[in-house]
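Worksheet: the structure to be examined is printed underneath.
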Amino acid sequence: MTQNALMIEMTDVMARFISMAGKRLPDDVLQKLAEMRDEEDQEMAKEIYRSMFENLEKAIELDRPICQDTGVINFFVKVGSNYPYQLQLKKILEDAVKKATLDAPLRPNAVSIFDEENTGDNTGERTPFLHWDIADDSDEVEIHLYMTGGGSSMPGRATTLMPSAGYEGVAEFVYDAMVEKGINACPPLIVGVGIAGSMENAALLSKKAILRPIGSQNQNPKAAEMEKAMEAGINRIGFGPQGISGKTSVMGVHLETAARHPATIATAVSVGCWVHRKGTIRFKKDGSYEILSHKGVSL
Amino acid sequence: MKKILSTPLKRDEMEALKIGDIFYLNGHIVTSRDTAHKHLIQKGNEMPVDLKDGAIFHAGPIVKKNEDGSYQMISVGPTTSMRMEKLAKEFMESTGIRLMVGKGGMGDQTAEACRDNKVVHCMIPGGCAVSIADQVEEIERVEWLELGMPEALWVCRIKEFGPLVVTIDTEGNNLFENNKKLYNQRKAEALADLKNQVSFI
Ligand code: SF4
């Protein structure tokens with residue numbers, strides 16, 4: 001394949017991948033939601049789960065996006081240091097978003113700041129949002145996609161605590177966000193918490209945290225312990241699916257951290273709603289690909 | 001057994017509903033969100049649809065126009081009802097609706113107005129846009145389309161529309177406000193317990 005043909009092919013694959021991600025939940029989310037549904041013992045909550053799963057089936061049957069808010073598209077790209085098409089990736093991803101917006105179709109959700117105009121194709125200034133990481137000695141590229149809905153962005157917040165607030169201060173900040181805004185963000189939620197020296201680092205980590213596989217643990221045993229404790233704590237608050245009460249309320253709490261400054265504990269929280277549309281795809285340099293998030297799905 | 005009500009809704013049917021009840025709706029529902037509320041109340045336009053004893057849906061749908069000029073509901077889900085809090089009271093008093101459907105709860109002012117006017121607020125699950133669109137049998141007409149697709153009044157004929165969970169009843173009981181108190185209390189307990197587990201500093 002010529003480079004040009006490969007670029008066209010990759011754009012097409014990415015457009016189909018984005019479209020698919022708006023219509024099917026990834027395996028880990030689906031499995032966790034099914035467990036939560038089976039565990040649920042409150043009547044109202046059970047009825048809500050029935051509607052959610054019926055909707056998931058209908059979305060596939062009628063080939064439509066699961067939710068009318070298909071979000072703003074974010075890419076977290078892990079590009080191999082030897083991957084040959086690093087320079088072409090940005091354009092491929094932007095073109096793929098435009099194409100998926102028409103084909104899926106996705107709701108146009110990119111509004112320009114100050115001019116306050118909807119661009120109509122889900123691209124615009126720094127949109128789709130791209131975040132780059134480099135994988136040493138690799139000639140592949142791994143692309144993590146996330147569709148960030150408006151409702152699920154509402155609880156997002158960041159602050160810089162003083163060390164005297166302690167880790168309980170982190171938990172309190174997160175719990176407050178849950179009760180004030182989380183209940184309206186279409187729970188069950190996945191809660192990402194970033195802890196770092198300053199709030200912009202914490203915010204980015206909180207977003208990366210919600211992209212971690214559901215059920216995974218932070219590698220630091222103390223952090224893993226805090227994840228479990230916070231998950232139990234939020235479940236105890238008990239807002240349940242759609243905020244109307246239920247046995248469980250969150251698909252998980254994920255902590256991601258960076259060393260902090262001695263004088264600060266910056267904390268941020270991001271949440272994903274139950275329609276947690278994320279996906280991972282890996283391209284080899286010959287353009288062949290593997291979908292890691294949705295097993296057995298062909299594009 | 002599914003409990004199903006139909007529009008036009010009767011006052012005594014509304015009075016029989018209590019917070020936490022679940023039911024489905026047949027008949028008609030009309031979408032109305034931020035701009036349509038303002039168009040009616042602040043701009044003083046006349047409501048072009050008879051909403052007496054009817055139902056409104058806080059929602060901004062994706063609608064497709066067919067070649068023959070008819071419309072098809074593609075995707076529709078509730079939007080946060082709280083944004084209509086300021087105008088809901090006047091809206092119900094000027095239109096005579098019996099039911100509002102949206103996402104989440106509404107505030108004290110709406111709860112009082114629901115009590116005084118015998119109106120009910122319900123939530124329908126968010127993120128279920130395909131199912132809900134499928135419960136719309138037909139879009140019978142559209143008004144105020146000049147406000148844009150999401151803001152227009154879409155008059156929908158619906159079948160077993162729901163599940164609808166009663167969040168404000170005709171006595172002014174408010175499920176989400178009650179829940180919030182409970183959640184805040186449990187949050188304080190959960191935090192007190194967590195303290196000993198995370199004293200890493
Ligand atoms: S919070 Fe999620 S499920 Fe709810 S309306 Fe927004 S995108 Fe859809």
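Ordering of the structure tokens sets the chain letters (A, B, ...); residue numbers start at 1 within each chain; ligands are numbered from 1 in the order shown.
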
Inset, instruction - For chain A, list the residues within 9 Å of chain B, counting only C-alpha atoms, and write the list as a ChimeraX atom specification. - result: /A:44,47-48,51-56,58-59,62,64-69,107,151,163-164,166-168,171-172,175-176,179-180,183-186,222,225-226,229-230,232-234,236-239,241-245,273-275

Inset, instruction - Once DSSP has gone over the backbone, tell me which residues of stretch 9-112 of chain A are in helix (DSSP H, G or I), as a ChimeraX atom specification. - result: /A:9-23,27-39,43-62,86-103

Inset, instruction - Could you tell me how far atom CA of B:Asn26 lies from atom CA of B:Lys159, in Å and to one decimal? - result: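 Separating atom CA of B:Asn26 from atom CA of B:Lys159 is a distance of 4.7 Å.
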
Inset, instruction - For atom CA of B:Cys122 and atom CA of A:Thr148, quote the distance in Å rounded to one decimal. - result: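 Atom CA of A:Thr148 lies 26.1 Å from atom CA of B:Cys122.
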
Legend entry - Length of the atom CA of A:Lys247 to atom 2 (Fe, counted along the ligand's line) of ligand 1 vector [Å]: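 Interatomic distance here is 20.2 Å.
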
Inset, instruction - Name the closest residue to ligand 1 among the candidates A:Tyr146, A:Tyr83, A:Phe283, A:Phe173; distances are taken between atoms, counting only C-alpha atoms and all ligand atoms. - result: A:Tyr146
